[in-house]
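Data block for my_file_9.cif (mmCIF, N, CA and C atoms):
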```cif
data_query
#
loop_
_atom_site.label_atom_id
_atom_site.label_comp_id
_atom_site.auth_asym_id
_atom_site.auth_seq_id
_atom_site.Cartn_x
_atom_site.Cartn_y
_atom_site.Cartn_z
N MET A 1070 0.82 -1.19 0.00
CA MET A 1070 0.00 0.00 0.00
C MET A 1070 0.86 1.26 0.00
N ARG A 1071 1.98 1.20 0.77
CA ARG A 1071 2.86 2.35 0.85
C ARG A 1071 3.48 2.65 -0.52
N ASN A 1072 3.87 1.62 -1.26
CA ASN A 1072 4.45 1.82 -2.60
C ASN A 1072 3.43 2.46 -3.54
N PHE A 1073 2.17 2.07 -3.41
CA PHE A 1073 1.11 2.64 -4.24
C PHE A 1073 0.97 4.14 -3.98
N LEU A 1074 0.98 4.55 -2.72
CA LEU A 1074 0.87 5.97 -2.37
C LEU A 1074 2.08 6.77 -2.85
N VAL A 1075 3.26 6.22 -2.68
CA VAL A 1075 4.48 6.89 -3.14
C VAL A 1075 4.46 7.04 -4.66
N THR A 1076 4.08 5.98 -5.35
CA THR A 1076 4.01 6.02 -6.81
C THR A 1076 2.98 7.05 -7.27
N GLY A 1077 1.84 7.07 -6.61
CA GLY A 1077 0.81 8.05 -6.95
C GLY A 1077 1.29 9.47 -6.72
N LEU A 1078 1.96 9.71 -5.61
CA LEU A 1078 2.48 11.04 -5.31
C LEU A 1078 3.52 11.46 -6.34
N VAL A 1079 4.41 10.55 -6.70
CA VAL A 1079 5.43 10.86 -7.72
C VAL A 1079 4.76 11.18 -9.05
N ALA A 1080 3.73 10.42 -9.42
CA ALA A 1080 3.03 10.66 -10.68
C ALA A 1080 2.36 12.04 -10.66
N VAL A 1081 1.72 12.40 -9.58
CA VAL A 1081 1.07 13.70 -9.47
C VAL A 1081 2.10 14.82 -9.55
N LEU A 1082 3.21 14.69 -8.87
CA LEU A 1082 4.26 15.71 -8.90
C LEU A 1082 4.86 15.83 -10.30
N ALA A 1083 5.06 14.70 -10.97
CA ALA A 1083 5.60 14.72 -12.33
C ALA A 1083 4.63 15.43 -13.27
N CYS A 1084 3.34 15.16 -13.15
CA CYS A 1084 2.33 15.82 -14.00
C CYS A 1084 2.29 17.32 -13.72
N ALA A 1085 2.33 17.69 -12.46
CA ALA A 1085 2.31 19.12 -12.09
C ALA A 1085 3.54 19.82 -12.63
N GLY A 1086 4.69 19.18 -12.53
CA GLY A 1086 5.92 19.76 -13.05
C GLY A 1086 5.87 19.92 -14.56
N ALA A 1087 5.38 18.89 -15.25
CA ALA A 1087 5.27 18.96 -16.70
C ALA A 1087 4.32 20.07 -17.12
N PHE A 1088 3.19 20.20 -16.41
CA PHE A 1088 2.25 21.26 -16.72
C PHE A 1088 2.90 22.62 -16.52
N GLY A 1089 3.61 22.80 -15.42
CA GLY A 1089 4.27 24.07 -15.13
C GLY A 1089 5.26 24.45 -16.21
N VAL A 1090 6.08 23.49 -16.64
CA VAL A 1090 7.06 23.75 -17.70
C VAL A 1090 6.34 24.10 -19.00
N PHE A 1091 5.32 23.34 -19.34
CA PHE A 1091 4.55 23.61 -20.56
C PHE A 1091 3.93 25.00 -20.52
N TYR A 1092 3.34 25.37 -19.40
CA TYR A 1092 2.68 26.66 -19.26
C TYR A 1092 3.68 27.80 -19.44
N VAL A 1093 4.82 27.69 -18.78
CA VAL A 1093 5.82 28.76 -18.85
C VAL A 1093 6.39 28.87 -20.26
N MET A 1094 6.64 27.75 -20.91
CA MET A 1094 7.27 27.78 -22.22
C MET A 1094 6.31 28.19 -23.33
N ASN A 1095 5.01 27.97 -23.14
CA ASN A 1095 4.05 28.27 -24.20
C ASN A 1095 3.16 29.47 -23.91
N GLY A 1096 3.30 30.08 -22.78
CA GLY A 1096 2.47 31.23 -22.44
C GLY A 1096 2.91 32.45 -23.24
N ASN A 1097 1.97 33.11 -23.85
CA ASN A 1097 2.26 34.33 -24.58
C ASN A 1097 2.01 35.50 -23.62
N ARG A 1098 3.06 35.96 -23.00
CA ARG A 1098 2.93 37.00 -21.97
C ARG A 1098 2.31 38.28 -22.52
N ALA A 1099 2.71 38.65 -23.74
CA ALA A 1099 2.16 39.88 -24.32
C ALA A 1099 0.66 39.75 -24.53
N LEU A 1100 0.22 38.58 -24.97
CA LEU A 1100 -1.20 38.34 -25.19
C LEU A 1100 -1.98 38.40 -23.88
N HIS A 1101 -1.46 37.74 -22.85
CA HIS A 1101 -2.12 37.74 -21.54
C HIS A 1101 -2.16 39.15 -20.94
N ARG A 1102 -1.07 39.90 -21.08
CA ARG A 1102 -1.02 41.26 -20.55
C ARG A 1102 -2.04 42.15 -21.27
N ALA A 1103 -2.11 42.03 -22.59
CA ALA A 1103 -3.05 42.84 -23.37
C ALA A 1103 -4.49 42.56 -22.96
N ALA A 1104 -4.81 41.28 -22.79
CA ALA A 1104 -6.18 40.92 -22.38
C ALA A 1104 -6.47 41.41 -20.97
N ARG A 1105 -5.50 41.27 -20.07
CA ARG A 1105 -5.69 41.70 -18.68
C ARG A 1105 -5.91 43.21 -18.61
N GLU A 1106 -5.18 43.96 -19.44
CA GLU A 1106 -5.27 45.41 -19.41
C GLU A 1106 -6.38 45.95 -20.32
N GLY A 1107 -7.00 45.07 -21.09
CA GLY A 1107 -8.07 45.50 -21.99
C GLY A 1107 -7.56 46.32 -23.16
N ASP A 1108 -6.32 46.11 -23.55
CA ASP A 1108 -5.71 46.85 -24.65
C ASP A 1108 -5.95 46.10 -25.96
N ALA A 1109 -6.95 46.52 -26.71
CA ALA A 1109 -7.34 45.82 -27.93
C ALA A 1109 -6.22 45.82 -28.97
N LEU A 1110 -5.51 46.91 -29.11
CA LEU A 1110 -4.45 46.96 -30.11
C LEU A 1110 -3.26 46.08 -29.72
N ALA A 1111 -2.91 46.07 -28.44
CA ALA A 1111 -1.81 45.18 -28.01
C ALA A 1111 -2.22 43.72 -28.20
N TRP A 1112 -3.49 43.41 -27.92
CA TRP A 1112 -4.00 42.05 -28.14
C TRP A 1112 -3.92 41.70 -29.61
N LEU A 1113 -4.34 42.60 -30.48
CA LEU A 1113 -4.31 42.35 -31.91
C LEU A 1113 -2.88 42.12 -32.38
N ARG A 1114 -1.96 42.93 -31.90
CA ARG A 1114 -0.55 42.79 -32.30
C ARG A 1114 0.02 41.44 -31.84
N ALA A 1115 -0.28 41.05 -30.60
CA ALA A 1115 0.25 39.80 -30.06
C ALA A 1115 -0.40 38.57 -30.69
N GLU A 1116 -1.68 38.65 -30.95
CA GLU A 1116 -2.42 37.49 -31.45
C GLU A 1116 -2.29 37.28 -32.96
N PHE A 1117 -2.25 38.36 -33.74
CA PHE A 1117 -2.31 38.23 -35.19
C PHE A 1117 -1.02 38.64 -35.90
N ASN A 1118 -0.06 39.17 -35.17
CA ASN A 1118 1.28 39.45 -35.66
C ASN A 1118 1.33 40.22 -36.98
N PRO A 1119 0.70 41.38 -37.03
CA PRO A 1119 0.83 42.19 -38.25
C PRO A 1119 2.23 42.78 -38.35
N SER A 1120 2.64 43.10 -39.57
CA SER A 1120 3.93 43.77 -39.76
C SER A 1120 3.83 45.16 -39.13
N PRO A 1121 4.97 45.81 -38.89
CA PRO A 1121 4.90 47.17 -38.34
C PRO A 1121 4.06 48.13 -39.20
N ALA A 1122 4.18 48.02 -40.52
CA ALA A 1122 3.39 48.90 -41.41
C ALA A 1122 1.90 48.57 -41.31
N GLN A 1123 1.58 47.28 -41.27
CA GLN A 1123 0.18 46.88 -41.12
C GLN A 1123 -0.37 47.36 -39.79
N PHE A 1124 0.43 47.23 -38.74
CA PHE A 1124 -0.05 47.65 -37.42
C PHE A 1124 -0.28 49.15 -37.37
N ARG A 1125 0.61 49.93 -37.97
CA ARG A 1125 0.43 51.39 -38.00
C ARG A 1125 -0.87 51.76 -38.73
N ALA A 1126 -1.15 51.08 -39.83
CA ALA A 1126 -2.38 51.34 -40.58
C ALA A 1126 -3.61 50.97 -39.76
N ILE A 1127 -3.53 49.83 -39.06
CA ILE A 1127 -4.64 49.40 -38.21
C ILE A 1127 -4.83 50.37 -37.06
N GLU A 1128 -3.73 50.81 -36.46
CA GLU A 1128 -3.79 51.75 -35.35
C GLU A 1128 -4.44 53.07 -35.79
N LYS A 1129 -4.08 53.54 -36.97
CA LYS A 1129 -4.66 54.78 -37.50
C LYS A 1129 -6.16 54.59 -37.74
N LEU A 1130 -6.54 53.46 -38.31
CA LEU A 1130 -7.96 53.16 -38.53
C LEU A 1130 -8.72 53.10 -37.21
N HIS A 1131 -8.09 52.47 -36.22
CA HIS A 1131 -8.70 52.34 -34.90
C HIS A 1131 -8.92 53.72 -34.25
N GLU A 1132 -7.92 54.56 -34.35
CA GLU A 1132 -8.02 55.90 -33.76
C GLU A 1132 -9.13 56.72 -34.42
N SER A 1133 -9.25 56.62 -35.74
CA SER A 1133 -10.29 57.39 -36.42
C SER A 1133 -11.67 56.82 -36.11
N TYR A 1134 -11.76 55.51 -35.91
CA TYR A 1134 -13.06 54.91 -35.59
C TYR A 1134 -13.49 55.19 -34.16
N ALA A 1135 -12.55 55.43 -33.27
CA ALA A 1135 -12.87 55.67 -31.86
C ALA A 1135 -13.85 56.84 -31.70
N VAL A 1136 -13.71 57.87 -32.52
CA VAL A 1136 -14.62 59.02 -32.45
C VAL A 1136 -16.03 58.58 -32.84
N GLU A 1137 -16.15 57.84 -33.95
CA GLU A 1137 -17.45 57.36 -34.40
C GLU A 1137 -18.08 56.44 -33.35
N CYS A 1138 -17.28 55.57 -32.78
CA CYS A 1138 -17.76 54.65 -31.75
C CYS A 1138 -18.29 55.43 -30.55
N GLY A 1139 -17.55 56.42 -30.12
CA GLY A 1139 -17.98 57.26 -29.00
C GLY A 1139 -19.30 57.96 -29.28
N ASN A 1140 -19.48 58.40 -30.53
CA ASN A 1140 -20.73 59.05 -30.91
C ASN A 1140 -21.90 58.07 -30.85
N HIS A 1141 -21.67 56.84 -31.31
CA HIS A 1141 -22.73 55.83 -31.24
C HIS A 1141 -23.11 55.54 -29.79
N CYS A 1142 -22.11 55.38 -28.94
CA CYS A 1142 -22.37 55.09 -27.52
C CYS A 1142 -23.15 56.23 -26.88
N ALA A 1143 -22.74 57.46 -27.16
CA ALA A 1143 -23.41 58.62 -26.58
C ALA A 1143 -24.87 58.69 -27.03
N ALA A 1144 -25.12 58.41 -28.30
CA ALA A 1144 -26.50 58.46 -28.81
C ALA A 1144 -27.36 57.39 -28.16
N ILE A 1145 -26.81 56.20 -27.99
CA ILE A 1145 -27.57 55.11 -27.36
C ILE A 1145 -27.86 55.44 -25.90
N MET A 1146 -26.84 55.91 -25.18
CA MET A 1146 -27.05 56.27 -23.77
C MET A 1146 -28.06 57.39 -23.63
N GLN A 1147 -27.99 58.40 -24.48
CA GLN A 1147 -28.93 59.52 -24.41
C GLN A 1147 -30.35 59.04 -24.69
N ALA A 1148 -30.51 58.19 -25.69
CA ALA A 1148 -31.85 57.67 -26.01
C ALA A 1148 -32.41 56.86 -24.84
N ARG A 1149 -31.57 56.08 -24.20
CA ARG A 1149 -32.04 55.30 -23.04
C ARG A 1149 -32.39 56.20 -21.87
N GLN A 1150 -31.58 57.22 -21.62
CA GLN A 1150 -31.85 58.14 -20.50
C GLN A 1150 -33.13 58.92 -20.72
N GLN A 1151 -33.43 59.21 -21.98
CA GLN A 1151 -34.64 59.97 -22.29
C GLN A 1151 -35.84 59.04 -22.53
N ALA A 1152 -35.67 57.77 -22.22
CA ALA A 1152 -36.75 56.78 -22.38
C ALA A 1152 -37.33 56.81 -23.78
N ALA A 1153 -36.45 56.83 -24.78
CA ALA A 1153 -36.89 56.83 -26.18
C ALA A 1153 -37.62 55.52 -26.48
N PRO A 1154 -38.47 55.53 -27.48
CA PRO A 1154 -39.17 54.29 -27.85
C PRO A 1154 -38.18 53.17 -28.17
N ALA A 1155 -38.59 51.95 -27.88
CA ALA A 1155 -37.70 50.80 -28.05
C ALA A 1155 -37.20 50.66 -29.48
N ASP A 1156 -38.04 50.98 -30.46
CA ASP A 1156 -37.60 50.84 -31.85
C ASP A 1156 -36.53 51.88 -32.21
N GLN A 1157 -36.59 53.04 -31.57
CA GLN A 1157 -35.55 54.06 -31.81
C GLN A 1157 -34.22 53.60 -31.21
N VAL A 1158 -34.25 53.06 -30.00
CA VAL A 1158 -33.04 52.55 -29.36
C VAL A 1158 -32.48 51.38 -30.18
N ALA A 1159 -33.36 50.50 -30.63
CA ALA A 1159 -32.93 49.36 -31.44
C ALA A 1159 -32.27 49.82 -32.74
N ALA A 1160 -32.80 50.86 -33.34
CA ALA A 1160 -32.20 51.39 -34.58
C ALA A 1160 -30.80 51.95 -34.31
N LEU A 1161 -30.65 52.66 -33.19
CA LEU A 1161 -29.33 53.18 -32.83
C LEU A 1161 -28.36 52.03 -32.56
N GLU A 1162 -28.82 50.99 -31.88
CA GLU A 1162 -27.97 49.83 -31.59
C GLU A 1162 -27.57 49.12 -32.88
N LYS A 1163 -28.50 49.01 -33.82
CA LYS A 1163 -28.19 48.38 -35.11
C LYS A 1163 -27.15 49.20 -35.88
N THR A 1164 -27.30 50.51 -35.84
CA THR A 1164 -26.32 51.39 -36.49
C THR A 1164 -24.93 51.15 -35.90
N CYS A 1165 -24.88 51.02 -34.58
CA CYS A 1165 -23.62 50.76 -33.89
C CYS A 1165 -23.02 49.42 -34.33
N VAL A 1166 -23.82 48.37 -34.32
CA VAL A 1166 -23.35 47.04 -34.71
C VAL A 1166 -22.87 47.04 -36.16
N ASP A 1167 -23.64 47.68 -37.04
CA ASP A 1167 -23.24 47.75 -38.45
C ASP A 1167 -21.91 48.49 -38.61
N ALA A 1168 -21.73 49.57 -37.85
CA ALA A 1168 -20.48 50.34 -37.93
C ALA A 1168 -19.30 49.52 -37.38
N MET A 1169 -19.52 48.82 -36.25
CA MET A 1169 -18.45 47.98 -35.71
C MET A 1169 -18.07 46.88 -36.69
N THR A 1170 -19.08 46.26 -37.28
CA THR A 1170 -18.83 45.18 -38.24
C THR A 1170 -18.01 45.70 -39.43
N ALA A 1171 -18.40 46.85 -39.97
CA ALA A 1171 -17.66 47.44 -41.09
C ALA A 1171 -16.23 47.78 -40.67
N HIS A 1172 -16.07 48.33 -39.48
CA HIS A 1172 -14.73 48.67 -38.98
C HIS A 1172 -13.87 47.41 -38.87
N PHE A 1173 -14.41 46.36 -38.28
CA PHE A 1173 -13.63 45.13 -38.12
C PHE A 1173 -13.27 44.52 -39.47
N ARG A 1174 -14.14 44.64 -40.44
CA ARG A 1174 -13.83 44.13 -41.78
C ARG A 1174 -12.70 44.95 -42.42
N ARG A 1175 -12.70 46.26 -42.20
CA ARG A 1175 -11.60 47.09 -42.72
C ARG A 1175 -10.29 46.72 -42.04
N VAL A 1176 -10.34 46.47 -40.74
CA VAL A 1176 -9.13 46.04 -40.02
C VAL A 1176 -8.63 44.72 -40.59
N ALA A 1177 -9.54 43.78 -40.81
CA ALA A 1177 -9.16 42.46 -41.33
C ALA A 1177 -8.48 42.57 -42.69
N GLU A 1178 -8.91 43.52 -43.50
CA GLU A 1178 -8.29 43.71 -44.82
C GLU A 1178 -6.84 44.15 -44.71
N LEU A 1179 -6.46 44.76 -43.61
CA LEU A 1179 -5.09 45.26 -43.42
C LEU A 1179 -4.16 44.22 -42.80
N MET A 1180 -4.72 43.10 -42.38
CA MET A 1180 -3.94 42.10 -41.64
C MET A 1180 -3.18 41.16 -42.57
N PRO A 1181 -2.23 40.42 -42.00
CA PRO A 1181 -1.49 39.44 -42.81
C PRO A 1181 -2.44 38.41 -43.43
N ALA A 1182 -2.00 37.83 -44.53
CA ALA A 1182 -2.81 36.82 -45.23
C ALA A 1182 -3.24 35.72 -44.25
N GLY A 1183 -4.50 35.39 -44.29
CA GLY A 1183 -5.04 34.33 -43.44
C GLY A 1183 -5.42 34.79 -42.05
N GLN A 1184 -4.79 35.84 -41.56
CA GLN A 1184 -5.07 36.31 -40.20
C GLN A 1184 -6.37 37.11 -40.15
N GLY A 1185 -6.70 37.79 -41.23
CA GLY A 1185 -7.92 38.59 -41.25
C GLY A 1185 -9.16 37.74 -41.04
N GLU A 1186 -9.19 36.55 -41.67
CA GLU A 1186 -10.33 35.66 -41.51
C GLU A 1186 -10.43 35.17 -40.07
N ARG A 1187 -9.28 34.85 -39.49
CA ARG A 1187 -9.26 34.38 -38.11
C ARG A 1187 -9.70 35.50 -37.15
N TYR A 1188 -9.26 36.72 -37.44
CA TYR A 1188 -9.67 37.88 -36.65
C TYR A 1188 -11.18 38.06 -36.70
N LEU A 1189 -11.75 38.01 -37.91
CA LEU A 1189 -13.19 38.16 -38.04
C LEU A 1189 -13.95 37.05 -37.34
N ALA A 1190 -13.42 35.83 -37.41
CA ALA A 1190 -14.07 34.71 -36.72
C ALA A 1190 -14.05 34.91 -35.21
N THR A 1191 -13.09 35.67 -34.71
CA THR A 1191 -12.99 35.95 -33.28
C THR A 1191 -13.92 37.09 -32.86
N VAL A 1192 -13.93 38.18 -33.63
CA VAL A 1192 -14.65 39.37 -33.18
C VAL A 1192 -16.10 39.47 -33.63
N LEU A 1193 -16.42 38.96 -34.81
CA LEU A 1193 -17.79 39.15 -35.30
C LEU A 1193 -18.86 38.47 -34.45
N PRO A 1194 -18.61 37.26 -33.90
CA PRO A 1194 -19.64 36.68 -33.02
C PRO A 1194 -19.92 37.55 -31.79
N ARG A 1195 -18.94 38.27 -31.31
CA ARG A 1195 -19.13 39.15 -30.16
C ARG A 1195 -19.96 40.37 -30.53
N VAL A 1196 -19.82 40.82 -31.77
CA VAL A 1196 -20.57 41.99 -32.23
C VAL A 1196 -22.03 41.62 -32.46
N ALA A 1197 -22.27 40.44 -33.02
CA ALA A 1197 -23.64 40.03 -33.37
C ALA A 1197 -24.55 40.02 -32.15
N GLY A 1198 -24.04 39.60 -31.01
CA GLY A 1198 -24.87 39.53 -29.81
C GLY A 1198 -24.56 40.63 -28.81
N TYR A 1199 -23.99 41.72 -29.29
CA TYR A 1199 -23.56 42.79 -28.39
C TYR A 1199 -24.75 43.45 -27.70
N GLN A 1200 -24.66 43.63 -26.38
CA GLN A 1200 -25.78 44.13 -25.57
C GLN A 1200 -25.78 45.65 -25.37
N HIS A 1201 -24.73 46.34 -25.73
CA HIS A 1201 -24.64 47.80 -25.60
C HIS A 1201 -24.80 48.27 -24.16
N ASP A 1202 -24.30 47.47 -23.22
CA ASP A 1202 -24.37 47.89 -21.82
C ASP A 1202 -23.04 48.41 -21.30
N ALA A 1203 -21.99 48.27 -22.10
CA ALA A 1203 -20.66 48.77 -21.76
C ALA A 1203 -19.82 48.73 -23.03
N ALA A 1204 -18.66 49.33 -22.97
CA ALA A 1204 -17.77 49.30 -24.13
C ALA A 1204 -17.34 47.87 -24.42
N PRO A 1205 -17.11 47.53 -25.70
CA PRO A 1205 -16.65 46.18 -26.03
C PRO A 1205 -15.33 45.88 -25.33
N THR A 1206 -15.13 44.61 -24.98
CA THR A 1206 -13.93 44.20 -24.27
C THR A 1206 -13.31 42.98 -24.92
N LEU A 1207 -12.23 42.50 -24.33
CA LEU A 1207 -11.54 41.31 -24.81
C LEU A 1207 -11.93 40.09 -24.01
N ARG A 1208 -13.08 40.11 -23.38
CA ARG A 1208 -13.52 38.95 -22.61
C ARG A 1208 -13.51 37.71 -23.49
N ALA A 1209 -13.29 36.56 -22.84
CA ALA A 1209 -13.21 35.32 -23.58
C ALA A 1209 -14.56 34.90 -24.14
N THR A 1210 -15.65 35.37 -23.59
CA THR A 1210 -16.97 34.99 -24.07
C THR A 1210 -17.70 36.23 -24.57
N PRO A 1211 -18.57 36.06 -25.55
CA PRO A 1211 -19.31 37.22 -26.07
C PRO A 1211 -20.31 37.75 -25.07
#
```

Structure rendered as structure tokens:
Amino acid sequence: MRNFLVTGLVAVLACAGAFGVFYVMNGNRALHRAAREGDALAWLRAEFNPSPAQFRAIEKLHESYAVECGNHCAAIMQARQQAAPADQVAALEKTCVDAMTAHFRRVAELMPAGQGERYLATVLPRVAGYQHDAAPTLRATP
């Protein structure tokens, strides 16, 4: 019985050690930091590896879209605060979703070959079910 317990303990320690080594060697620190800090551009750079020129173009696109995004958010919040009719709020929300979708598609066009499709597969499901209760984030679930 004692040999069984020792063998089991050694097996558990070996598995834990292997997991620890695997985690440290395969962890993308930049990706984890970007997600933790909510930095969408740092996440995009770490996850999709655009060239410096591609990243600058994406960054410029992102900065110009931020104003439009802020305007959409403000309009939705104002309509909700003023108890606007539900169809008016829904129209504003649809305008926001359509604008985000178009923006993400423009970003995807600037990305490295093959990465744009993967980017869209990541972000578009989150936009489709977006609730407009806070700014979009890098949460793992939509």

**Message:** To test your reading of the syntax: which residues would the PyMOL selection byres ((chain A and resi 1189-1200) around 7) return for the file shown? Reply as a ChimeraX atom specification.
**Reply:** /A:1166,1170,1173-1174,1177,1184-1188,1201-1203,1210-1211

**Prompt:** To one decimal place, how far is atom CA of A:Phe1117 from atom N of A:Val1176 in Å?
**Reply:**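 According to the coordinates, atom CA of A:Phe1117 and atom N of A:Val1176 are separated by 12.8 Å.
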
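Between atom CA of A:Leu1179 and atom C of A:Thr1164 the separation is 22.0 Å.
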
**Item:** Distance criterion (only N, CA and C atoms): nearest to A:Ser1120 out of A:Ala1153, A:Val1158, A:Met1180, A:Met1146
**Value:** A:Met1180

**Message:** What does the structure give for the distance between atom N of A:Gln1157 and atom CA of A:His1172, in Å to one decimal?
**Reply:**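 Distance reported for this atom pair: 23.5 Å.
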
As lines of an AutoDock Vina configuration file, please: the centre and edge lengths in Å, to one decimal, of an axis-aligned box enclosing every listed atom of stretch 1176-1194 of chain A with 3 Å added on each side.
```
center_x = -10.7
center_y = 40.4
center_z = -38.5
size_x = 24.4
size_y = 18.1
size_z = 19.4
```

**Request:** Starting from the shown file, work through the PyMOL selection byres ((chain A and resi 1129-1145) around 7) and note down what comes out as a ChimeraX atom specification.
**Result:** /A:1124-1128,1146-1150,1158,1161-1162,1164-1165

Since the input has fewer atoms than a full residue there, write stretch 1143-1154 of chain A out with N, CA, C and O atoms, as an mmCIF file, in the frame of the given file.
```cif
data_model
loop_
_atom_site.group_PDB
_atom_site.id
_atom_site.type_symbol
_atom_site.label_atom_id
_atom_site.label_comp_id
_atom_site.auth_asym_id
_atom_site.auth_seq_id
_atom_site.Cartn_x
_atom_site.Cartn_y
_atom_site.Cartn_z
ATOM 1 N N ALA A 1143 -22.740 57.460 -27.160
ATOM 2 C CA ALA A 1143 -23.410 58.620 -26.580
ATOM 3 C C ALA A 1143 -24.870 58.690 -27.030
ATOM 4 O O ALA A 1143 -25.767 58.969 -26.220
ATOM 5 N N ALA A 1144 -25.120 58.410 -28.300
ATOM 6 C CA ALA A 1144 -26.500 58.460 -28.810
ATOM 7 C C ALA A 1144 -27.360 57.390 -28.160
ATOM 8 O O ALA A 1144 -28.523 57.653 -27.803
ATOM 9 N N ILE A 1145 -26.810 56.200 -27.990
ATOM 10 C CA ILE A 1145 -27.570 55.110 -27.360
ATOM 11 C C ILE A 1145 -27.860 55.440 -25.900
ATOM 12 O O ILE A 1145 -28.996 55.294 -25.429
ATOM 13 N N MET A 1146 -26.840 55.910 -25.180
ATOM 14 C CA MET A 1146 -27.050 56.270 -23.770
ATOM 15 C C MET A 1146 -28.060 57.390 -23.630
ATOM 16 O O MET A 1146 -28.932 57.352 -22.752
ATOM 17 N N GLN A 1147 -27.990 58.400 -24.480
ATOM 18 C CA GLN A 1147 -28.930 59.520 -24.410
ATOM 19 C C GLN A 1147 -30.350 59.040 -24.690
ATOM 20 O O GLN A 1147 -31.294 59.420 -23.991
ATOM 21 N N ALA A 1148 -30.510 58.190 -25.690
ATOM 22 C CA ALA A 1148 -31.850 57.670 -26.010
ATOM 23 C C ALA A 1148 -32.410 56.860 -24.840
ATOM 24 O O ALA A 1148 -33.598 56.979 -24.512
ATOM 25 N N ARG A 1149 -31.570 56.080 -24.200
ATOM 26 C CA ARG A 1149 -32.040 55.300 -23.040
ATOM 27 C C ARG A 1149 -32.390 56.200 -21.870
ATOM 28 O O ARG A 1149 -33.395 55.977 -21.186
ATOM 29 N N GLN A 1150 -31.580 57.220 -21.620
ATOM 30 C CA GLN A 1150 -31.850 58.140 -20.500
ATOM 31 C C GLN A 1150 -33.130 58.920 -20.720
ATOM 32 O O GLN A 1150 -33.831 59.256 -19.768
ATOM 33 N N GLN A 1151 -33.430 59.210 -21.980
ATOM 34 C CA GLN A 1151 -34.640 59.970 -22.290
ATOM 35 C C GLN A 1151 -35.840 59.040 -22.530
ATOM 36 O O GLN A 1151 -36.886 59.512 -22.977
ATOM 37 N N ALA A 1152 -35.670 57.770 -22.220
ATOM 38 C CA ALA A 1152 -36.750 56.780 -22.380
ATOM 39 C C ALA A 1152 -37.330 56.810 -23.780
ATOM 40 O O ALA A 1152 -38.559 56.824 -23.966
ATOM 41 N N ALA A 1153 -36.450 56.830 -24.780
ATOM 42 C CA ALA A 1153 -36.890 56.830 -26.180
ATOM 43 C C ALA A 1153 -37.620 55.520 -26.480
ATOM 44 O O ALA A 1153 -37.413 54.509 -25.800
ATOM 45 N N PRO A 1154 -38.470 55.530 -27.480
ATOM 46 C CA PRO A 1154 -39.170 54.290 -27.850
ATOM 47 C C PRO A 1154 -38.180 53.170 -28.170
ATOM 48 O O PRO A 1154 -37.075 53.427 -28.671
#
```
